[in-house]
>>> print(open('start-v5.cif').read())   # mmCIF, C-alpha atoms
data_data
#
loop_
_atom_site.label_atom_id
_atom_site.label_comp_id
_atom_site.auth_asym_id
_atom_site.auth_seq_id
_atom_site.Cartn_x
_atom_site.Cartn_y
_atom_site.Cartn_z
CA MET A 500 50.50 -50.35 -55.85
CA ARG A 501 47.95 -52.58 -54.21
CA ALA A 502 47.28 -50.03 -51.47
CA ASN A 503 46.89 -47.38 -54.09
CA HIS A 504 44.45 -49.50 -55.92
CA ARG A 505 42.41 -50.05 -52.79
CA THR A 506 42.39 -46.35 -52.00
CA LEU A 507 41.23 -45.64 -55.50
CA GLN A 508 38.46 -48.19 -55.20
CA ARG A 509 37.36 -46.75 -51.91
CA SER A 510 37.32 -43.26 -53.28
CA ILE A 511 35.27 -44.45 -56.24
CA ALA A 512 32.85 -46.09 -53.83
CA GLU A 513 32.60 -42.89 -51.82
CA THR A 514 31.98 -40.85 -54.93
CA ARG A 515 29.26 -43.23 -55.96
CA ALA A 516 27.59 -42.91 -52.62
CA ALA A 517 27.81 -39.15 -52.63
CA VAL A 518 26.48 -38.25 -56.07
CA PRO A 519 23.60 -39.49 -58.21
CA VAL A 520 24.53 -42.41 -60.44
CA GLU A 521 24.00 -40.41 -63.59
CA THR A 522 26.87 -38.06 -62.91
CA VAL A 523 29.24 -40.95 -62.23
CA LEU A 524 28.76 -42.45 -65.66
CA VAL A 525 31.88 -41.85 -67.66
CA ARG A 526 31.19 -39.24 -70.28
CA PRO A 527 33.80 -37.78 -72.55
CA ALA A 528 32.72 -34.23 -71.75
CA ASP A 529 30.10 -32.48 -69.69
CA VAL A 530 29.87 -29.29 -71.65
CA LEU A 531 30.90 -27.94 -75.01
CA ILE A 532 30.91 -24.16 -75.19
CA ALA A 533 30.68 -22.60 -78.63
CA SER A 534 31.14 -18.93 -79.36
CA ALA A 535 32.98 -16.90 -81.95
CA ASP A 536 33.91 -14.57 -79.09
CA ARG A 537 37.00 -16.01 -77.47
CA ALA A 538 36.86 -13.79 -74.39
CA LEU A 539 33.27 -14.79 -73.71
CA ARG A 540 34.20 -18.45 -74.10
CA ARG A 541 36.95 -18.08 -71.53
CA ARG A 542 34.65 -16.28 -69.10
CA LEU A 543 31.99 -18.97 -69.43
CA ALA A 544 34.53 -21.74 -69.05
CA GLN A 545 35.92 -20.17 -65.89
CA SER A 546 32.51 -19.71 -64.38
CA LEU A 547 31.74 -23.41 -64.88
CA ALA A 548 35.13 -24.75 -63.88
CA SER A 549 34.21 -25.53 -60.30
CA GLU A 550 30.77 -26.90 -61.01
CA ARG A 551 30.23 -30.62 -60.42
CA GLY A 552 28.81 -32.23 -63.53
CA LEU A 553 29.78 -29.30 -65.74
CA ARG A 554 33.48 -28.85 -65.24
CA ARG A 555 34.81 -31.19 -67.91
CA LEU A 556 34.40 -28.76 -70.72
CA ARG A 557 35.72 -28.02 -74.15
CA GLU A 558 35.43 -25.02 -76.43
CA ALA A 559 34.63 -24.47 -80.07
CA GLY A 560 34.93 -21.26 -82.05
CA ASP A 561 33.23 -21.98 -85.35
CA ARG A 562 30.99 -24.36 -87.25
CA ALA A 563 33.77 -26.69 -88.34
CA GLU A 564 35.02 -27.09 -84.78
CA ILE A 565 31.51 -27.68 -83.46
CA GLU A 566 30.85 -30.39 -85.99
CA ARG A 567 34.14 -32.08 -85.26
CA LEU A 568 33.76 -32.00 -81.47
CA ILE A 569 30.07 -32.78 -81.00
CA PRO A 570 30.21 -36.36 -82.35
CA GLU A 571 33.57 -36.96 -80.70
CA LEU A 572 32.61 -35.71 -77.22
CA THR A 573 28.83 -36.24 -77.23
CA PRO A 574 28.65 -33.62 -74.47
CA ALA A 575 25.76 -33.73 -72.03
CA VAL A 576 25.20 -30.03 -72.55
CA PHE A 577 26.04 -27.80 -75.47
CA LEU A 578 26.14 -24.11 -74.63
CA LEU A 579 25.78 -22.20 -77.86
CA ASP A 580 26.34 -18.47 -78.12
CA HIS A 581 23.78 -17.79 -80.81
CA PRO A 582 24.06 -16.98 -83.66
CA ILE A 583 27.37 -18.47 -84.68
CA PRO A 584 28.87 -17.78 -88.12
CA GLY A 585 28.30 -20.52 -90.65
CA TYR A 586 24.75 -21.41 -89.63
CA ALA A 587 21.56 -19.87 -90.94
CA GLY A 588 19.02 -19.17 -88.19
CA LEU A 589 18.32 -22.20 -86.05
CA GLU A 590 19.93 -24.62 -88.48
CA SER A 591 22.60 -25.24 -85.85
CA LEU A 592 20.04 -26.97 -83.61
CA GLN A 593 19.06 -29.48 -86.26
CA THR A 594 22.68 -30.24 -87.01
CA ILE A 595 23.56 -30.79 -83.37
CA ARG A 596 20.61 -33.11 -82.91
CA ALA A 597 21.65 -35.17 -85.88
CA LEU A 598 25.25 -35.40 -84.69
CA SER A 599 24.47 -36.22 -81.06
CA PRO A 600 20.83 -36.83 -80.15
CA THR A 601 21.53 -37.05 -76.42
CA THR A 602 23.20 -33.65 -76.23
CA ARG A 603 20.97 -30.97 -74.75
CA THR A 604 21.49 -27.51 -76.17
CA VAL A 605 21.19 -24.21 -74.34
CA LEU A 606 21.14 -21.06 -76.45
CA LEU A 607 22.83 -17.95 -75.18
CA VAL A 608 21.53 -14.80 -76.91
CA ALA A 609 22.33 -11.11 -76.81
CA ARG A 610 18.72 -9.94 -76.92
CA PRO A 611 16.25 -12.50 -75.56
CA ASP A 612 12.90 -12.60 -77.29
CA ASP A 613 9.96 -14.78 -76.30
CA ALA A 614 8.94 -15.70 -79.85
CA ASP A 615 12.54 -16.61 -80.73
CA ALA A 616 12.75 -18.74 -77.61
CA VAL A 617 9.59 -20.64 -78.54
CA ALA A 618 10.96 -21.25 -82.04
CA ALA A 619 14.25 -22.52 -80.62
CA LEU A 620 12.47 -24.89 -78.23
CA LYS A 621 10.45 -26.32 -81.08
CA GLN A 622 13.66 -26.95 -83.00
CA GLY A 623 14.98 -28.94 -80.09
CA ALA A 624 16.71 -26.45 -77.78
CA SER A 625 16.44 -27.28 -74.08
CA GLY A 626 17.27 -23.86 -72.72
CA TYR A 627 17.33 -20.20 -73.67
CA CYS A 628 19.29 -17.64 -71.67
CA SER A 629 20.45 -14.07 -71.97
CA ARG A 630 24.16 -13.49 -72.47
CA GLN A 631 23.82 -11.05 -69.55
CA SER A 632 22.66 -13.78 -67.14
CA GLU A 633 24.43 -13.87 -63.80
CA PRO A 634 26.96 -16.72 -63.63
CA THR A 635 25.07 -18.36 -60.76
CA LEU A 636 21.86 -18.34 -62.78
CA LEU A 637 23.59 -19.74 -65.82
CA ARG A 638 25.15 -22.53 -63.78
CA ARG A 639 21.76 -23.39 -62.40
CA ALA A 640 20.23 -23.36 -65.86
CA LEU A 641 22.87 -25.76 -67.17
CA GLN A 642 22.45 -28.07 -64.19
CA ARG A 643 18.69 -28.19 -64.62
CA VAL A 644 18.96 -28.78 -68.35
CA ARG A 645 21.51 -31.47 -67.76
CA ALA A 646 19.02 -33.09 -65.37
CA GLY A 647 16.46 -33.22 -68.17
CA GLU A 648 14.48 -30.07 -67.63
CA ILE A 649 13.74 -27.18 -69.95
CA TRP A 650 15.09 -23.79 -68.90
CA VAL A 651 13.16 -20.75 -70.09
CA GLY A 652 11.63 -17.70 -68.45
CA ARG A 653 8.08 -17.68 -67.16
CA SER A 654 6.91 -15.44 -69.97
CA VAL A 655 8.20 -17.92 -72.56
CA THR A 656 6.25 -20.66 -70.79
CA GLY A 657 3.25 -18.32 -70.94
CA HIS A 658 3.61 -18.27 -74.74
CA LEU A 659 3.93 -22.06 -74.83
CA LEU A 660 0.71 -22.40 -72.86
CA GLU A 661 -1.11 -19.96 -75.08
CA GLU A 662 -0.11 -21.97 -78.14
CA LEU A 663 -0.98 -25.24 -76.47
CA ALA A 664 -4.48 -24.02 -75.62
CA ALA A 665 -5.01 -22.67 -79.13
CA LEU A 666 -3.86 -25.92 -80.75
CA SER A 667 -5.88 -28.09 -78.37
CA GLN A 668 -8.97 -26.07 -79.16
CA ARG A 669 -8.49 -26.60 -82.87
CA ARG A 670 -8.02 -30.33 -82.37
CA GLY A 671 -11.31 -30.59 -80.50
CA PRO A 672 -13.53 -31.90 -83.34
CA GLU A 673 -11.32 -34.93 -83.83
CA THR A 674 -12.34 -36.13 -80.40
CA SER A 675 -16.00 -36.42 -81.22
CA GLN A 676 -15.11 -38.20 -84.45
CA ARG A 677 -13.23 -40.80 -82.50
CA LEU A 678 -16.10 -41.20 -80.10
CA ARG A 679 -18.28 -42.12 -83.05
CA ARG A 680 -16.17 -45.24 -83.51
CA LEU A 681 -17.60 -46.65 -80.29
CA THR A 682 -20.59 -48.96 -80.22
CA ALA A 683 -23.76 -47.80 -78.48
CA ARG A 684 -22.95 -50.06 -75.54
CA GLU A 685 -19.45 -48.66 -75.28
CA ARG A 686 -20.73 -45.10 -75.31
CA GLU A 687 -23.10 -45.98 -72.51
CA LEU A 688 -20.15 -47.33 -70.55
CA VAL A 689 -18.11 -44.19 -71.15
CA ALA A 690 -20.87 -42.05 -69.68
CA ILE A 691 -20.94 -44.16 -66.54
CA VAL A 692 -17.14 -44.13 -66.16
CA ALA A 693 -17.18 -40.36 -66.59
CA ALA A 694 -19.56 -40.11 -63.65
CA GLY A 695 -16.87 -41.79 -61.55
CA ALA A 696 -18.26 -45.34 -61.24
CA SER A 697 -16.01 -48.31 -60.46
CA ASN A 698 -15.97 -51.47 -62.59
CA LYS A 699 -18.12 -53.20 -60.00
CA GLU A 700 -20.71 -50.43 -60.07
CA ILE A 701 -20.76 -50.43 -63.85
CA ALA A 702 -21.24 -54.20 -63.86
CA ASP A 703 -24.16 -53.92 -61.47
CA ARG A 704 -25.74 -51.10 -63.36
CA LEU A 705 -25.58 -52.81 -66.75
CA SER A 706 -26.20 -56.29 -65.33
CA ILE A 707 -23.03 -57.71 -66.87
CA ALA A 708 -19.98 -59.43 -65.40
CA GLU A 709 -17.08 -57.31 -64.17
CA ARG A 710 -14.89 -59.24 -66.60
CA THR A 711 -17.08 -58.01 -69.43
CA VAL A 712 -16.75 -54.43 -68.20
CA LYS A 713 -12.98 -54.79 -68.32
CA ALA A 714 -13.12 -56.18 -71.85
CA HIS A 715 -15.29 -53.26 -72.95
CA LEU A 716 -12.90 -50.77 -71.36
CA THR A 717 -9.89 -52.31 -73.08
CA SER A 718 -11.64 -51.97 -76.41
CA ILE A 719 -12.70 -48.38 -75.66
CA PHE A 720 -9.19 -47.37 -74.55
CA ALA A 721 -7.79 -48.75 -77.78
CA LYS A 722 -10.34 -47.05 -80.00
CA LEU A 723 -9.88 -43.67 -78.36
CA GLY A 724 -6.15 -43.95 -77.81
CA VAL A 725 -6.42 -43.19 -74.09
CA SER A 726 -4.66 -44.91 -71.25
CA SER A 727 -6.63 -44.11 -68.13
CA ARG A 728 -10.14 -43.65 -66.79
CA LEU A 729 -9.39 -39.99 -66.25
CA HIS A 730 -8.57 -39.49 -69.92
CA LEU A 731 -11.69 -41.35 -70.81
CA ALA A 732 -13.75 -39.06 -68.61
CA VAL A 733 -12.16 -36.06 -70.28
CA TYR A 734 -13.12 -37.50 -73.65
CA ALA A 735 -16.70 -37.92 -72.57
CA LEU A 736 -16.75 -34.34 -71.38
CA GLU A 737 -15.33 -33.14 -74.68
CA ALA A 738 -18.12 -34.86 -76.57
CA HIS A 739 -20.79 -33.03 -74.62
CA ALA A 740 -19.09 -29.68 -74.30
CA PRO A 741 -20.09 -26.82 -76.57
CA ALA A 742 -17.50 -26.77 -79.35
CA MET B 1174 -2.27 1.26 -61.35
CA THR B 1175 -5.68 -0.37 -61.07
CA PRO B 1176 -5.71 -3.42 -58.84
CA ILE B 1177 -5.80 -6.90 -60.36
CA THR B 1178 -9.36 -8.14 -60.00
CA VAL B 1179 -9.59 -11.74 -58.82
CA VAL B 1180 -12.44 -14.21 -58.45
CA VAL B 1181 -11.89 -17.14 -56.11
CA ALA B 1182 -13.73 -20.36 -56.95
CA ALA B 1183 -13.42 -23.01 -54.27
CA GLU B 1184 -15.05 -24.54 -51.24
CA PRO B 1185 -16.22 -22.05 -48.60
CA ARG B 1186 -13.43 -22.73 -46.13
CA ASP B 1187 -10.73 -22.23 -48.76
CA ARG B 1188 -12.33 -19.09 -50.14
CA VAL B 1189 -11.87 -17.43 -46.77
CA LEU B 1190 -8.27 -18.55 -46.55
CA TRP B 1191 -7.34 -17.40 -50.06
CA ARG B 1192 -9.01 -14.06 -49.58
CA ARG B 1193 -6.98 -13.61 -46.43
CA LEU B 1194 -3.77 -14.38 -48.32
CA LEU B 1195 -4.57 -12.05 -51.23
CA GLU B 1196 -6.09 -8.99 -49.68
CA PRO B 1197 -3.12 -7.72 -47.67
CA ALA B 1198 -0.87 -8.22 -50.70
CA GLY B 1199 -1.67 -4.86 -52.28
CA GLY B 1200 -2.60 -4.26 -55.90
CA ILE B 1201 -4.97 -7.23 -55.81
CA SER B 1202 -8.69 -7.04 -55.22
CA VAL B 1203 -10.87 -10.11 -54.65
CA VAL B 1204 -14.17 -9.12 -56.27
CA ALA B 1205 -16.14 -12.31 -55.64
CA ASP B 1206 -15.94 -15.84 -54.39
CA VAL B 1207 -17.99 -18.74 -55.59
CA GLU B 1208 -18.01 -22.54 -55.69
CA ALA B 1209 -15.65 -24.20 -58.16
CA GLY B 1210 -18.27 -25.76 -60.45
CA GLN B 1211 -20.41 -24.29 -63.21
CA ALA B 1212 -21.41 -21.35 -61.00
CA ALA B 1213 -17.90 -19.97 -61.47
CA TRP B 1214 -18.58 -19.42 -65.15
CA ALA B 1215 -21.58 -17.16 -64.52
CA VAL B 1216 -19.58 -15.01 -62.13
CA VAL B 1217 -16.63 -14.72 -64.52
CA ALA B 1218 -18.94 -13.83 -67.41
CA ARG B 1219 -20.55 -11.08 -65.36
CA LEU B 1220 -17.55 -9.60 -63.52
CA ARG B 1221 -14.79 -10.19 -66.11
CA PRO B 1222 -12.02 -10.54 -63.53
CA ARG B 1223 -8.42 -10.45 -64.72
CA VAL B 1224 -7.60 -13.61 -62.78
CA LEU B 1225 -9.67 -16.58 -61.66
CA LEU B 1226 -8.40 -18.94 -58.97
CA LEU B 1227 -10.06 -22.24 -59.66
CA ASP B 1228 -9.89 -25.23 -57.37
CA LEU B 1229 -9.11 -28.26 -59.51
CA ARG B 1230 -9.34 -30.78 -56.72
CA ARG B 1231 -13.01 -31.44 -57.27
CA PRO B 1232 -15.40 -31.73 -58.88
CA ARG B 1233 -12.87 -32.25 -61.62
CA LEU B 1234 -14.97 -32.59 -64.72
CA ASP B 1235 -17.03 -29.57 -63.83
CA VAL B 1236 -13.87 -27.57 -63.48
CA LEU B 1237 -12.60 -28.72 -66.86
CA ALA B 1238 -15.89 -27.72 -68.43
CA VAL B 1239 -15.68 -24.27 -66.83
CA LEU B 1240 -12.18 -23.84 -68.24
CA ARG B 1241 -13.39 -24.54 -71.75
CA ARG B 1242 -16.20 -22.00 -71.42
CA ILE B 1243 -13.88 -19.32 -70.12
CA ARG B 1244 -11.43 -19.98 -72.92
CA LEU B 1245 -14.19 -19.51 -75.47
CA GLY B 1246 -16.25 -16.82 -73.80
CA ARG B 1247 -13.86 -14.77 -71.65
CA PRO B 1248 -10.35 -15.33 -72.94
CA GLY B 1249 -9.19 -12.17 -71.14
CA THR B 1250 -9.56 -13.87 -67.75
CA ARG B 1251 -6.42 -15.79 -66.85
CA VAL B 1252 -6.89 -18.87 -64.75
CA ILE B 1253 -4.72 -20.38 -62.03
CA LEU B 1254 -5.63 -23.87 -60.91
CA LEU B 1255 -5.33 -24.86 -57.30
CA THR B 1256 -4.01 -28.38 -56.93
CA SER B 1257 -2.78 -30.72 -54.24
CA ARG B 1258 -0.01 -33.29 -54.16
CA SER B 1259 -2.46 -35.98 -55.14
CA THR B 1260 -3.72 -34.17 -58.26
CA PRO B 1261 -2.74 -36.36 -61.24
CA ILE B 1262 -0.32 -34.73 -63.65
CA ALA B 1263 -2.54 -35.79 -66.55
CA LEU B 1264 -5.35 -33.76 -65.04
CA ILE B 1265 -3.17 -30.69 -64.58
CA LEU B 1266 -1.99 -30.98 -68.18
CA GLU B 1267 -5.57 -31.23 -69.35
CA GLY B 1268 -6.32 -28.05 -67.40
CA LEU B 1269 -3.41 -26.29 -69.11
CA ARG B 1270 -4.55 -27.51 -72.51
CA ARG B 1271 -7.91 -25.97 -71.76
CA GLY B 1272 -6.33 -22.60 -71.22
CA ALA B 1273 -5.21 -22.38 -67.58
CA ARG B 1274 -2.07 -20.27 -67.27
CA GLY B 1275 -0.69 -21.94 -64.22
CA TYR B 1276 -1.29 -24.04 -61.16
CA LEU B 1277 -0.33 -23.83 -57.57
CA ASP B 1278 -0.10 -26.60 -55.04
CA ARG B 1279 -2.11 -26.08 -51.89
CA ALA B 1280 1.06 -26.39 -49.84
CA ALA B 1281 2.68 -23.50 -51.72
CA LEU B 1282 -0.22 -21.06 -51.40
CA ARG B 1283 1.05 -19.13 -48.41
CA ALA B 1284 4.39 -18.43 -49.99
CA PHE B 1285 3.38 -17.80 -53.58
CA LEU B 1286 -0.28 -16.95 -54.11
CA PRO B 1287 0.04 -13.16 -54.62
CA LYS B 1288 3.20 -13.63 -56.66
CA ALA B 1289 1.52 -16.20 -58.90
CA VAL B 1290 -1.49 -13.92 -59.42
CA ARG B 1291 0.74 -11.05 -60.51
CA ALA B 1292 2.84 -13.24 -62.78
CA VAL B 1293 -0.13 -14.78 -64.55
CA ASP B 1294 -1.84 -11.41 -64.88
CA SER B 1295 1.24 -10.09 -66.69
CA GLY B 1296 1.16 -12.95 -69.20
CA GLU B 1297 3.64 -15.26 -67.57
CA ALA B 1298 3.03 -18.88 -66.74
CA TRP B 1299 3.10 -20.24 -63.19
CA VAL B 1300 4.06 -23.89 -63.43
CA GLU B 1301 6.74 -26.12 -61.94
CA ARG B 1302 9.91 -26.39 -63.98
CA ARG B 1303 9.52 -30.09 -64.58
CA MET B 1304 6.15 -29.38 -66.18
CA VAL B 1305 7.64 -27.20 -68.91
CA SER B 1306 9.09 -30.13 -70.85
CA ARG B 1307 5.71 -31.88 -70.74
CA ILE B 1308 4.00 -28.77 -72.04
CA LEU B 1309 6.54 -28.53 -74.83
CA ASP B 1310 6.13 -32.20 -75.73
CA GLN B 1311 2.36 -31.80 -75.93
CA LEU B 1312 2.73 -28.71 -78.03
CA VAL B 1313 5.14 -30.31 -80.47
CA ARG B 1314 3.02 -33.45 -80.66
CA LEU B 1315 -0.16 -31.52 -81.40
CA GLY B 1316 1.60 -29.27 -83.86
CA ALA B 1317 3.31 -32.18 -85.60
CA SER B 1318 0.18 -34.31 -85.94
CA GLY B 1319 -1.51 -31.35 -87.58
CA LEU B 1320 1.31 -30.73 -90.04
CA SER B 1321 3.68 -33.56 -90.85
CA ALA B 1322 4.55 -36.93 -89.39
CA GLY B 1323 8.11 -36.24 -88.25
CA SER B 1324 8.90 -33.87 -85.42
CA PRO B 1325 12.30 -32.82 -84.16
CA ARG B 1326 11.49 -33.78 -80.62
CA SER B 1327 9.86 -37.12 -81.18
CA PRO B 1328 12.65 -39.26 -79.68
CA HIS B 1329 12.43 -37.36 -76.38
CA MET B 1330 8.69 -37.55 -76.46
CA ALA B 1331 8.59 -41.29 -76.85
CA ALA B 1332 10.88 -41.72 -73.87
CA ARG B 1333 8.82 -39.43 -71.67
CA ARG B 1334 5.47 -40.72 -72.73
CA SER B 1335 6.29 -44.14 -71.37
CA GLN B 1336 6.86 -42.59 -67.94
CA ALA B 1337 3.64 -40.64 -67.92
CA PRO B 1338 1.23 -41.62 -65.15
#
>>> encode(input="start-v5.cif", output="C-alpha cells")
Amino acid sequence: MRANHRTLQRSIAETRAAVPVETVLVRPADVLIASADRALRRRLAQSLASERGLRRLREAGDRAEIERLIPELTPAVFLLDHPIPGYAGLESLQTIRALSPTTRTVLLVARPDDADAVAALKQGASGYCSRQSEPTLLRRALQRVRAGEIWVGRSVTGHLLEELAALSQRRGPETSQRLRRLTARERELVAIVAAGASNKEIADRLSIAERTVKAHLTSIFAKLGVSSRLHLAVYALEAHAPA
Amino acid sequence: MTPITVVVAAEPRDRVLWRRLLEPAGGISVVADVEAGQAAWAVVARLRPRVLLLDLRRPRLDVLAVLRRIRLGRPGTRVILLTSRSTPIALILEGLRRGARGYLDRAALRAFLPKAVRAVDSGEAWVERRMVSRILDQLVRLGASGLSAGSPRSPHMAARRSQAP
C-alpha cells in the first residue's frame, strides 16, 4: 500500500514535470461533443481519444443533454456540430456562455462561410471549422483553442481586420474631442512626447522639474484613457491627421 | 493572370533584400521601392499597387500616418507591415486598426514573404494566431462602445487587457 502510494506520488510528480501546469489541473471533462448525428459524434470522439488534454470527453445529442452536461462538466472545450435542433441561430452560444463562462466553444459547420464565422466569433465562439476538416487539423484547432487562442481561417481574420479598420475610422472624431479636455500646457507636453522626448528632455525644454513632467503625464494618461507613451503619441498623431 | 504589383517601402538595404525575395517568386512584380515615411504615400497614390510592404520599425508615427492616408485615399492597396521582435504589440495593433492586413516579422521574411503577399492580395489576413483574439477583442470593444454597454466577450476582454503591454 505504502509502496503503491509512493509510486503514485512519483508518477504524479513526473506528470507535473512533463506537462504544463494547466493540463494537470483536475477538470471534470476536457471536451463535450454535441451533435444530433450519432455516427459523427463517435467519429469525432475516436479521433480525439488519444489526444492529451482532449481525451476525457463526453457526448451530447440534443439541447436538453447539452444544458444538463455543460454546467455539470464545465468542459474546457465544447465542440458543437452546428446547428443543433432546439436552438435558433447562434442562441446556443449565448446559452453555453451563461452556463459555463470558462468553456470555449468551437463550431463545426457543414458549409463554412466567412460572414457566419465572424458572427459566431462575436457571439463568443472561439473557433470555427468545417465538418470536412482533417482529423489532425481539428485536433490542432481544439488544442489551440484550449490554450486560449481563436481558431479561424485567414480569410475570416481578413474580414475581422476589415471591420476593425472601418470601426476605428468611425471612432476617430472622439479622439480629438478627448484631446480638447487637456489644458494648453498638457497639449504642449503631448506634442513633445510624440516627438519621442524623454521626461528629462521635456523637463529641460519646458524648464520644469522632472517630477512635474511625471505629474502632468499621469493627468494626461487619465484624461485620454491611455496607458503608455506610445498610445499617447498615437493620440497626438490622430489629432493632427486629416480626418 | 496579371502579376500582383507590389511597392516596397523601407530602408535602402532592406528594399534590395525584399526585392530579391519577391522577384523570383513568380506572379509578383515589384513596381517601385521607396523610403517608409510620407514618401510612400505619393508612390502608392501614383502607382496604385495591389500590395504595399511597409516597414513599421521606424519612423513609427510617419508610418501610422501613411496607413491612415492609404486607408482613406487608396483603400484598394493592401498593406503588410514589416516588424521585428522588438516591435510593441500595441503598435502592431494600431497598424491593423489603421487598415493594415497583416504583418510579418523580419525573421520570417525568407520563409513567408511571397506567401504573405499572395494571401493578403486575395483578401486574407497575415497575422500570428495569438493576435487574432486581440483583434477580436478590439473589434468587440469598439462595436460594443458604439452600441450598448454590455458585450458577450467582456469578461475575456477584461482578463486580457490587464496583460496587455
>>> resolve_selection(input="start-v5.cif", expression="the PyMOL selection byres ((chain A and resi 583) around 7)", output="ChimeraX atom specification")
/A:534-535,561,580-582,584-586
>>> closest_residue(input="start-v5.cif", among="A:Gln631, A:Gly626, A:Ile569, A:Leu539", to="A:Thr601", atoms="only C-alpha atoms")
A:Ile569
>>> atom_distance(input="start-v5.cif", atom1="atom CA of A:Leu606", atom2="atom CA of A:Leu579")
5.0 Å
>>> residues_near_point(input="start-v5.cif", point="(-4.4, -22.0, -61.5)", cutoff="9 Å", atoms="all atoms listed in the file", output="PDB file with C-alpha atoms, in the coordinates of the input")
ATOM      1  CA  LEU B1225      -9.670 -16.580 -61.660  1.00  0.00           C
ATOM      2  CA  LEU B1226      -8.400 -18.940 -58.970  1.00  0.00           C
ATOM      3  CA  LEU B1227     -10.060 -22.240 -59.660  1.00  0.00           C
ATOM      4  CA  ASP B1228      -9.890 -25.230 -57.370  1.00  0.00           C
ATOM      5  CA  LEU B1229      -9.110 -28.260 -59.510  1.00  0.00           C
ATOM      6  CA  ARG B1251      -6.420 -15.790 -66.850  1.00  0.00           C
ATOM      7  CA  VAL B1252      -6.890 -18.870 -64.750  1.00  0.00           C
ATOM      8  CA  ILE B1253      -4.720 -20.380 -62.030  1.00  0.00           C
ATOM      9  CA  LEU B1254      -5.630 -23.870 -60.910  1.00  0.00           C
ATOM     10  CA  LEU B1255      -5.330 -24.860 -57.300  1.00  0.00           C
ATOM     11  CA  THR B1256      -4.010 -28.380 -56.930  1.00  0.00           C
ATOM     12  CA  GLY B1268      -6.320 -28.050 -67.400  1.00  0.00           C
ATOM     13  CA  LEU B1269      -3.410 -26.290 -69.110  1.00  0.00           C
ATOM     14  CA  ALA B1273      -5.210 -22.380 -67.580  1.00  0.00           C
ATOM     15  CA  ARG B1274      -2.070 -20.270 -67.270  1.00  0.00           C
ATOM     16  CA  GLY B1275      -0.690 -21.940 -64.220  1.00  0.00           C
ATOM     17  CA  TYR B1276      -1.290 -24.040 -61.160  1.00  0.00           C
ATOM     18  CA  LEU B1277      -0.330 -23.830 -57.570  1.00  0.00           C
ATOM     19  CA  ALA B1289       1.520 -16.200 -58.900  1.00  0.00           C
ATOM     20  CA  VAL B1290      -1.490 -13.920 -59.420  1.00  0.00           C
ATOM     21  CA  VAL B1293      -0.130 -14.780 -64.550  1.00  0.00           C
ATOM     22  CA  TRP B1299       3.100 -20.240 -63.190  1.00  0.00           C
ATOM     23  CA  VAL B1300       4.060 -23.890 -63.430  1.00  0.00           C
TER      24      VAL B1300
END
>>> closest_residue(input="start-v5.cif", among="A:Ile691, A:Val712, A:Leu723, A:Ala735", to="chain B", atoms="all atoms listed in the file")
A:Ala735
>>> closest_residue(input="start-v5.cif", among="A:Leu589, A:Leu598, A:Val608, A:Ala708", to="A:Lys621", atoms="only C-alpha atoms")
A:Leu589
>>> resolve_selection(input="start-v5.cif", expression="the PyMOL selection byres ((chain B and resi 1312) around 9)", output="list in words")
Lys621, Leu659, Leu660, Glu662, Leu663, Ala664, Leu666 and Ser667 of chain A; Arg1307, Ile1308, Leu1309, Asp1310, Gln1311, Val1313, Arg1314, Leu1315, Gly1316 and Ala1317 of chain B
>>> closest_residue(input="start-v5.cif", among="B:Arg1258, B:Glu1184, B:Thr1178, B:Trp1191", to="B:Leu1220", atoms="all atoms listed in the file")
B:Thr1178
>>> atom_distance(input="start-v5.cif", atom1="atom CA of B:Gln1211", atom2="atom CA of B:Val1236")
7.3 Å
>>> residues_near_point(input="start-v5.cif", point="(-12.5, -13.9, -61.4)", cutoff="8 Å", atoms="only C-alpha atoms", output="ChimeraX atom specification")
/B:1178-1182,1203-1205,1216-1217,1220-1226,1250
>>> closest_residue(input="start-v5.cif", among="A:Arg684, A:Arg610, A:His715, A:Arg653", to="chain B", atoms="only C-alpha atoms")
A:Arg653
>>> residues_around(input="start-v5.cif", residues="A:Leu729", least_positions_apart="6", cutoff="10 Å", atoms="only C-alpha atoms", output="ChimeraX atom specification")
/A:692-693,695,735 /B:1233-1234,1261,1263-1264
>>> residues_around(input="start-v5.cif", residues="B:Pro1176", least_positions_apart="6", cutoff="8 Å", atoms="all atoms listed in the file", output="list in words")
Gly1199, Gly1200, Ile1201 and Ser1202 of chain B
>>> atom_distance(input="start-v5.cif", atom1="atom CA of B:Ala1215", atom2="atom CA of A:Arg728")
28.9 Å
>>> resolve_selection(input="start-v5.cif", expression="the PyMOL selection byres ((chain A and resi 611-613) around 9)", output="ChimeraX atom specification")
/A:607-610,614-618,627-630,652,654-656,658
